[in-house]
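Heads up, structure.txt below (compact mmCIF, C-alpha atoms):
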```txt
# COMPACT_ATOMS: atom_id res chain seq x y z
CA MET A 1 -1.20 4.15 6.40
CA ALA A 2 -4.11 3.74 8.82
CA SER A 3 -7.41 2.96 7.18
CA VAL A 4 -9.18 6.00 8.69
CA GLU A 5 -6.43 8.33 7.48
CA LEU A 6 -6.50 6.65 4.08
CA GLU A 7 -10.25 7.07 3.84
CA GLN A 8 -9.97 10.74 4.77
CA GLN A 9 -7.35 11.35 2.09
CA ILE A 10 -9.42 9.56 -0.52
CA ALA A 11 -12.52 11.50 0.53
CA ALA A 12 -10.65 14.79 0.22
CA LEU A 13 -9.56 13.88 -3.30
CA HIS A 14 -12.90 12.36 -4.33
CA PRO A 15 -14.16 15.24 -6.54
CA ALA A 16 -10.78 15.54 -8.28
CA SER A 17 -10.58 11.77 -8.70
CA PHE A 18 -14.03 11.70 -10.24
CA ALA A 19 -13.14 14.55 -12.60
CA TRP A 20 -10.03 12.63 -13.61
CA ALA A 21 -12.04 9.43 -14.06
CA LEU A 22 -14.41 11.37 -16.32
CA ALA A 23 -11.51 12.62 -18.41
CA CYS A 24 -10.14 9.07 -18.65
CA THR A 25 -13.51 7.71 -19.78
CA ARG A 26 -14.30 10.55 -22.20
CA TRP A 27 -16.98 11.93 -19.93
CA ASN A 28 -18.90 8.72 -19.72
CA THR A 29 -20.44 9.31 -16.27
CA PRO A 30 -21.65 5.76 -15.46
CA GLU A 31 -18.32 4.32 -16.52
CA ALA A 32 -16.41 6.93 -14.49
CA GLU A 33 -18.47 6.03 -11.41
CA GLU A 34 -17.77 2.36 -11.99
CA VAL A 35 -14.06 3.04 -12.44
CA LEU A 36 -13.87 5.02 -9.22
CA GLN A 37 -15.76 2.33 -7.35
CA SER A 38 -13.33 -0.28 -8.69
CA VAL A 39 -10.43 1.90 -7.58
CA TYR A 40 -11.82 2.15 -4.05
CA LEU A 41 -12.47 -1.57 -4.02
CA SER A 42 -8.92 -2.38 -5.06
CA ILE A 43 -7.64 -0.09 -2.29
CA LEU A 44 -9.94 -1.71 0.27
CA GLU A 45 -8.82 -5.18 -0.78
CA GLY A 46 -5.17 -4.14 -0.66
CA ARG A 47 -4.55 -4.78 -4.35
CA ALA A 48 -3.56 -1.13 -4.78
CA ARG A 49 -1.16 0.05 -2.08
CA PHE A 50 0.36 3.47 -1.59
CA ASP A 51 4.10 3.01 -1.14
CA GLY A 52 5.03 6.67 -0.64
CA ARG A 53 7.19 6.93 -3.75
CA SER A 54 5.07 9.81 -5.03
CA SER A 55 2.43 12.10 -3.62
CA PHE A 56 -0.84 10.46 -2.62
CA LYS A 57 -2.73 12.34 -5.33
CA THR A 58 -0.29 11.22 -8.04
CA TRP A 59 -0.59 7.60 -6.90
CA LEU A 60 -4.38 7.72 -6.71
CA PHE A 61 -4.64 9.29 -10.16
CA ALA A 62 -2.34 6.60 -11.57
CA VAL A 63 -4.61 3.90 -10.11
CA VAL A 64 -7.67 5.64 -11.61
CA ARG A 65 -5.94 5.84 -14.98
CA ASN A 66 -5.01 2.15 -14.95
CA MET A 67 -8.50 1.13 -13.93
CA ALA A 68 -10.03 3.33 -16.64
CA ALA A 69 -7.70 1.82 -19.23
CA ARG A 70 -8.81 -1.64 -18.14
CA ALA A 71 -12.47 -0.62 -18.37
CA ARG A 72 -11.83 0.92 -21.79
CA ARG A 73 -10.27 -2.30 -23.05
CA ARG A 74 -13.19 -4.31 -21.69
CA ARG A 75 -15.72 -1.93 -23.28
CA TRP A 76 -13.84 -2.04 -26.57
CA LEU A 77 -14.00 -5.84 -26.56
CA GLU A 78 -17.70 -5.78 -25.71
CA GLU A 79 -18.43 -3.29 -28.47
CA ARG A 80 -16.39 -5.31 -30.94
CA TRP A 81 -18.37 -8.36 -29.98
CA LYS A 82 -21.72 -6.57 -30.22
CA SER A 83 -20.90 -4.76 -33.45
CA PHE A 84 -19.48 -7.86 -35.10
CA GLY A 85 -20.55 -7.55 -38.74
CA ARG A 86 -22.13 -4.15 -38.19
CA ALA A 87 -20.94 -0.56 -38.54
CA THR A 88 -18.57 0.74 -35.85
CA ILE A 89 -20.03 2.51 -32.85
CA GLY A 90 -19.42 6.24 -32.58
CA GLY A 91 -17.72 8.23 -29.81
CA VAL A 92 -18.99 8.52 -26.29
CA VAL A 93 -19.69 12.25 -26.44
CA ASP A 94 -23.40 12.81 -26.84
CA PRO A 95 -23.96 14.76 -30.10
CA VAL A 96 -27.06 16.42 -28.64
CA LEU A 97 -24.93 18.13 -26.04
CA VAL A 98 -22.35 19.40 -28.51
CA GLU A 99 -24.37 22.62 -28.75
CA GLU A 100 -23.20 23.87 -25.40
CA ARG A 101 -19.77 25.21 -24.82
CA GLY A 102 -18.58 22.68 -22.24
CA ALA A 103 -19.62 19.90 -24.54
CA ARG A 104 -17.79 21.57 -27.40
CA VAL A 105 -14.59 21.58 -25.38
CA ARG A 106 -15.16 17.94 -24.38
CA SER A 107 -15.77 17.08 -28.01
CA ALA A 108 -12.51 18.81 -28.98
CA LEU A 109 -10.70 16.96 -26.21
CA GLY A 110 -12.21 13.73 -27.46
CA MET A 111 -10.50 14.27 -30.80
CA LEU A 112 -7.06 14.33 -29.20
CA PRO A 113 -4.99 11.19 -28.70
CA VAL A 114 -5.42 9.70 -25.22
CA ARG A 115 -2.02 10.77 -23.89
CA GLN A 116 -2.42 14.36 -25.08
CA ARG A 117 -5.87 14.57 -23.52
CA GLU A 118 -4.60 13.12 -20.28
CA VAL A 119 -1.62 15.41 -19.90
CA LEU A 120 -3.69 18.51 -20.69
CA ASP A 121 -6.34 17.54 -18.16
CA LEU A 122 -3.75 16.85 -15.48
CA VAL A 123 -1.83 20.07 -16.08
CA PHE A 124 -4.59 22.54 -16.81
CA PHE A 125 -7.41 21.22 -14.67
CA HIS A 126 -5.71 19.33 -11.85
CA GLU A 127 -2.85 21.85 -11.61
CA MET A 128 -0.13 19.22 -11.80
CA THR A 129 3.33 19.80 -13.18
CA VAL A 130 4.35 17.95 -16.33
CA GLU A 131 6.64 15.79 -14.16
CA GLN A 132 3.74 14.76 -11.91
CA ALA A 133 1.57 14.12 -14.97
CA ALA A 134 4.33 11.89 -16.34
CA GLN A 135 4.25 9.87 -13.11
CA VAL A 136 0.50 9.46 -13.32
CA MET A 137 0.71 8.45 -16.97
CA ASP A 138 3.66 6.15 -16.34
CA VAL A 139 5.78 7.73 -19.07
CA SER A 140 9.07 9.65 -19.02
CA THR A 141 8.99 13.38 -18.41
CA GLY A 142 10.29 13.98 -21.94
CA THR A 143 7.47 11.97 -23.44
CA ALA A 144 4.89 13.78 -21.30
CA ARG A 145 6.37 17.12 -22.33
CA THR A 146 6.07 16.18 -26.01
CA HIS A 147 2.42 15.17 -25.55
CA TYR A 148 1.82 18.37 -23.61
CA HIS A 149 3.15 20.64 -26.36
CA ARG A 150 1.46 18.77 -29.19
CA GLY A 151 -1.80 18.56 -27.26
CA LYS A 152 -1.77 22.27 -26.47
CA LEU A 153 -1.32 23.25 -30.10
CA ARG A 154 -3.92 20.78 -31.31
CA LEU A 155 -6.54 21.77 -28.74
CA LEU A 156 -6.04 25.46 -29.46
CA GLU A 157 -6.45 24.70 -33.13
CA LEU A 158 -9.61 22.69 -32.47
CA LEU A 159 -11.09 25.34 -30.23
CA GLY A 160 -10.46 27.77 -33.08
CA THR A 161 -11.05 31.45 -33.00
CA GLU A 162 -14.13 31.42 -30.83
CA ASP A 163 -14.22 33.87 -27.99
CA PRO A 164 -12.25 32.80 -24.96
CA PRO A 165 -14.53 31.74 -22.10
CA MET B 1 -1.43 36.04 -28.44
CA THR B 2 1.27 35.15 -25.88
CA PRO B 3 1.92 31.63 -24.53
CA GLY B 4 0.50 32.84 -21.21
CA ASP B 5 -2.75 33.76 -22.95
CA ASP B 6 -2.88 30.36 -24.59
CA GLU B 7 -2.41 28.62 -21.27
CA ALA B 8 -5.06 30.76 -19.62
CA ARG B 9 -7.41 29.94 -22.46
CA LEU B 10 -6.76 26.21 -22.16
CA ARG B 11 -7.18 26.36 -18.38
CA ALA B 12 -10.54 28.06 -18.83
CA ALA B 13 -11.55 25.56 -21.52
CA LEU B 14 -10.72 22.61 -19.29
CA ALA B 15 -12.59 24.22 -16.40
CA GLU B 16 -15.55 24.66 -18.72
CA ALA B 17 -15.35 21.01 -19.77
CA HIS B 18 -15.46 19.96 -16.13
CA ARG B 19 -18.04 22.54 -15.02
CA GLU B 20 -20.94 20.15 -15.22
CA ASP B 21 -19.25 17.14 -13.67
CA ALA B 22 -21.93 15.53 -11.55
CA THR B 23 -19.73 14.11 -8.85
CA PRO B 24 -21.46 11.35 -6.88
CA SER B 25 -21.12 11.58 -3.12
CA PHE B 26 -18.02 10.01 -1.67
CA GLU B 27 -20.04 8.14 0.94
CA ALA B 28 -22.16 6.43 -1.70
CA THR B 29 -19.20 5.39 -3.84
CA TRP B 30 -17.17 4.23 -0.84
CA ALA B 31 -20.12 2.30 0.57
CA ALA B 32 -20.75 0.65 -2.81
CA ALA B 33 -17.10 -0.43 -2.95
CA ARG B 34 -17.33 -1.77 0.59
CA ARG B 35 -20.49 -3.68 -0.25
CA SER B 36 -18.87 -5.40 -3.18
CA THR B 37 -15.88 -6.56 -1.09
CA PRO B 38 -17.57 -9.62 0.48
CA ARG B 39 -19.04 -10.58 -2.86
CA ARG B 40 -15.58 -10.58 -4.34
CA SER B 41 -14.19 -12.63 -1.47
CA THR B 42 -17.08 -15.11 -1.79
CA TRP B 43 -16.29 -15.43 -5.45
CA ARG B 44 -12.63 -15.93 -4.63
CA TRP B 45 -13.47 -18.66 -2.11
CA ALA B 46 -15.64 -20.36 -4.69
CA VAL B 47 -12.75 -20.38 -7.15
CA VAL B 48 -10.32 -21.69 -4.52
CA GLY B 49 -12.81 -24.37 -3.45
CA THR B 50 -13.36 -25.53 -7.03
CA GLY B 51 -9.61 -25.65 -7.59
CA LEU B 52 -9.09 -27.76 -4.47
CA ALA B 53 -11.87 -30.14 -5.49
CA VAL B 54 -10.34 -30.58 -8.94
CA ALA B 55 -6.89 -31.18 -7.40
CA ALA B 56 -8.31 -33.75 -4.97
CA ALA B 57 -10.09 -35.56 -7.80
CA GLY B 58 -6.82 -35.61 -9.77
CA VAL B 59 -4.90 -37.05 -6.82
CA TRP B 60 -7.57 -39.72 -6.28
CA LEU B 61 -7.49 -40.69 -9.97
CA VAL B 62 -3.70 -41.03 -9.92
CA THR B 63 -3.36 -42.89 -6.61
CA ARG B 64 -6.46 -45.12 -6.63
CA PRO B 65 -5.68 -48.89 -6.50
CA THR B 66 -5.98 -50.44 -9.91
CA PRO B 67 -7.92 -53.74 -10.15
CA PRO B 68 -5.88 -56.86 -11.11
CA PRO B 69 -5.99 -57.75 -14.78
CA ALA B 70 -8.81 -60.13 -15.58
CA ALA B 71 -7.72 -63.73 -16.12
CA PRO B 72 -8.46 -65.04 -19.62
CA ILE B 73 -11.32 -67.46 -19.71
CA LEU B 74 -10.25 -70.93 -20.73
CA GLY B 75 -11.32 -71.99 -24.17
CA THR B 76 -11.81 -68.51 -25.42
CA ARG B 77 -8.45 -67.95 -27.09
CA TRP B 78 -9.06 -66.57 -30.50
CA VAL B 79 -7.02 -67.99 -33.32
CA GLY B 80 -6.85 -66.08 -36.52
CA PRO B 81 -7.34 -67.84 -39.81
CA THR B 82 -3.86 -66.86 -41.01
CA ASP B 83 -2.01 -67.64 -37.80
CA PHE B 84 -0.60 -70.78 -39.36
CA LEU B 85 1.51 -68.55 -41.61
CA LEU B 86 3.44 -67.50 -38.54
CA GLU B 87 4.27 -71.09 -37.76
CA THR B 88 7.64 -71.15 -39.49
CA PRO B 89 9.80 -74.23 -39.81
CA ASP B 90 12.20 -74.76 -36.96
CA LEU B 91 10.03 -72.65 -34.69
CA MET B 92 11.23 -74.60 -31.71
CA THR B 93 14.83 -73.82 -32.61
CA LEU B 94 14.04 -70.15 -32.91
CA ARG B 95 12.18 -70.03 -29.62
CA THR B 96 14.75 -71.94 -27.58
CA LEU B 97 18.46 -72.05 -27.46
CA PRO B 98 19.85 -75.23 -28.99
CA PRO B 99 21.67 -77.34 -26.42
CA LEU B 100 25.35 -77.31 -27.19
CA ASP B 101 27.82 -79.92 -26.16
CA PRO B 102 30.47 -78.09 -24.10
CA ALA B 103 33.01 -80.68 -25.08
CA ALA B 104 32.50 -79.87 -28.75
CA ASP B 105 32.86 -76.13 -28.23
CA PRO B 106 36.43 -75.13 -29.13
CA TRP B 107 36.24 -72.11 -26.85
CA THR B 108 35.06 -73.83 -23.72
CA ALA B 109 36.72 -77.18 -24.30
CA ARG B 110 39.75 -77.88 -22.13
CA PRO B 111 43.01 -77.42 -23.98
CA PRO B 112 44.85 -80.63 -24.74
CA ALA B 113 47.43 -81.64 -22.20
CA PRO B 114 50.91 -80.58 -23.23
CA ARG B 115 53.02 -83.28 -24.38
CA GLY B 116 56.13 -83.69 -22.39
CA ASN B 117 59.51 -83.20 -24.01
CA PRO B 118 61.89 -86.00 -23.77
```
Kindly return the structure encoded in the file as structure tokens.
Amino acid sequence: MASVELEQQIAALHPASFAWALACTRWNTPEAEEVLQSVYLSILEGRARFDGRSSFKTWLFAVVRNMAARARRRRWLEERWKSFGRATIGGVVDPVLVEERGARVRSALGMLPVRQREVLDLVFFHEMTVEQAAQVMDVSTGTARTHYHRGKLRLLELLGTEDPP
Amino acid sequence: MTPGDDEARLRAALAEAHREDATPSFEATWAAARRSTPRRSTWRWAVVGTGLAVAAAGVWLVTRPTPPPAAPILGTRWVGPTDFLLETPDLMTLRTLPPLDPAADPWTARPPAPRGNP
């Protein structure tokens, strides 16, 4: 793929990629920006190459997910090192913001296991099918379907009986 | 509540969660990634250069000519106080092969000439 065409495709998907990076980093904005920058860098350096086996969006989202997982592991190690001998550090979601509705949903999402959160974000926000979500998450369709159903039930339970938005 | 209602509710909830996403401009993110490319390649060259230097040093250490062993200085041979204990009797016999008379050896001696029958 020509570099100009590649850049155009990435630019077109940039808002969706950033939203996905946010979901992968539990709405940690600086980390999501860093993840996306690392993704673009790996594409520029040729370490991540689109081979046409899936749609461009699916491939790009898979790269974002892998990069976010790497950043998460690194952050976890750093936090372990910093909090050595101290109490564990809490979640990323800012408790001050939990008052607002969007933050409440993000907080509920943050309580789900990673895979459930990912599949729900991909299906309900990024309008992917469960099969495409499975490709992004690098799991079988059956596994993704299981996470999808469990995640749906759990999120509905967490959101409770409040008025639908 | 039908499954369709549930899905609509989840879709709305996810949209709400993403409503305040402050997406940075693509140009800024792309440019930042581009800027960090040469830094990465410089770093990579530094690693490669260090590796080559270490390899060269290793090759030099292995192949360098070794100096000849120093000759012992005359008159400086150290003799231990208990060395005489090693001087066993018949040391010369143990250190050298005793000269054997081939004629006396039954294996190498020539067999006696057969006596002729009348």
Which residues of chain A are close to chain B, meaning at most 7 Å apart when you count only C-alpha atoms, and how do they look as a short mmCIF file (atom, residue, chain, number, x, y, z; two decimals) with C-alpha atoms, in the frame of the given file?
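So iface23.cif came out as:
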```
data_model
loop_
_atom_site.label_atom_id
_atom_site.label_comp_id
_atom_site.auth_asym_id
_atom_site.auth_seq_id
_atom_site.Cartn_x
_atom_site.Cartn_y
_atom_site.Cartn_z
CA ALA A 11 -12.52 11.50 0.53
CA HIS A 14 -12.90 12.36 -4.33
CA PRO A 15 -14.16 15.24 -6.54
CA PHE A 18 -14.03 11.70 -10.24
CA ALA A 19 -13.14 14.55 -12.60
CA GLN A 37 -15.76 2.33 -7.35
CA SER A 38 -13.33 -0.28 -8.69
CA TYR A 40 -11.82 2.15 -4.05
CA LEU A 41 -12.47 -1.57 -4.02
CA GLY A 102 -18.58 22.68 -22.24
CA ALA A 103 -19.62 19.90 -24.54
CA VAL A 105 -14.59 21.58 -25.38
CA ARG A 106 -15.16 17.94 -24.38
CA ASP A 121 -6.34 17.54 -18.16
CA PHE A 124 -4.59 22.54 -16.81
CA PHE A 125 -7.41 21.22 -14.67
CA PRO A 164 -12.25 32.80 -24.96
CA PRO A 165 -14.53 31.74 -22.10
#
```
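We find CA of Ala69 in chain A and CA of Val4 in chain A to be spaced 28.3 Å apart.
Computed from the coordinates, the CA of Gly151 in chain A to CA of Ala21 in chain A distance equals 19.0 Å.
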So how far away is CA of Phe50 in chain A from CA of Met137 in chain A, in Å? 16.2 Å
Please provide the set of residues having any atom within 9 Å of Ala68 in chain A, restricted to only C-alpha atoms, with same-chain residues fewer than 4 positions apart removed, written as a PDB file with C-alpha atoms, keeping the file's coordinate frame.
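out_21.pdb, written as the output of this step:
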```pdb
ATOM      1  CA  ALA A  21     -12.040   9.430 -14.060  1.00  0.00           C
ATOM      2  CA  CYS A  24     -10.140   9.070 -18.650  1.00  0.00           C
ATOM      3  CA  THR A  25     -13.510   7.710 -19.780  1.00  0.00           C
ATOM      4  CA  GLU A  31     -18.320   4.320 -16.520  1.00  0.00           C
ATOM      5  CA  ALA A  32     -16.410   6.930 -14.490  1.00  0.00           C
ATOM      6  CA  VAL A  35     -14.060   3.040 -12.440  1.00  0.00           C
ATOM      7  CA  LEU A  36     -13.870   5.020  -9.220  1.00  0.00           C
ATOM      8  CA  VAL A  63      -4.610   3.900 -10.110  1.00  0.00           C
ATOM      9  CA  VAL A  64      -7.670   5.640 -11.610  1.00  0.00           C
ATOM     10  CA  ARG A  72     -11.830   0.920 -21.790  1.00  0.00           C
ATOM     11  CA  ARG A  73     -10.270  -2.300 -23.050  1.00  0.00           C
TER      12      ARG A  73
END
```
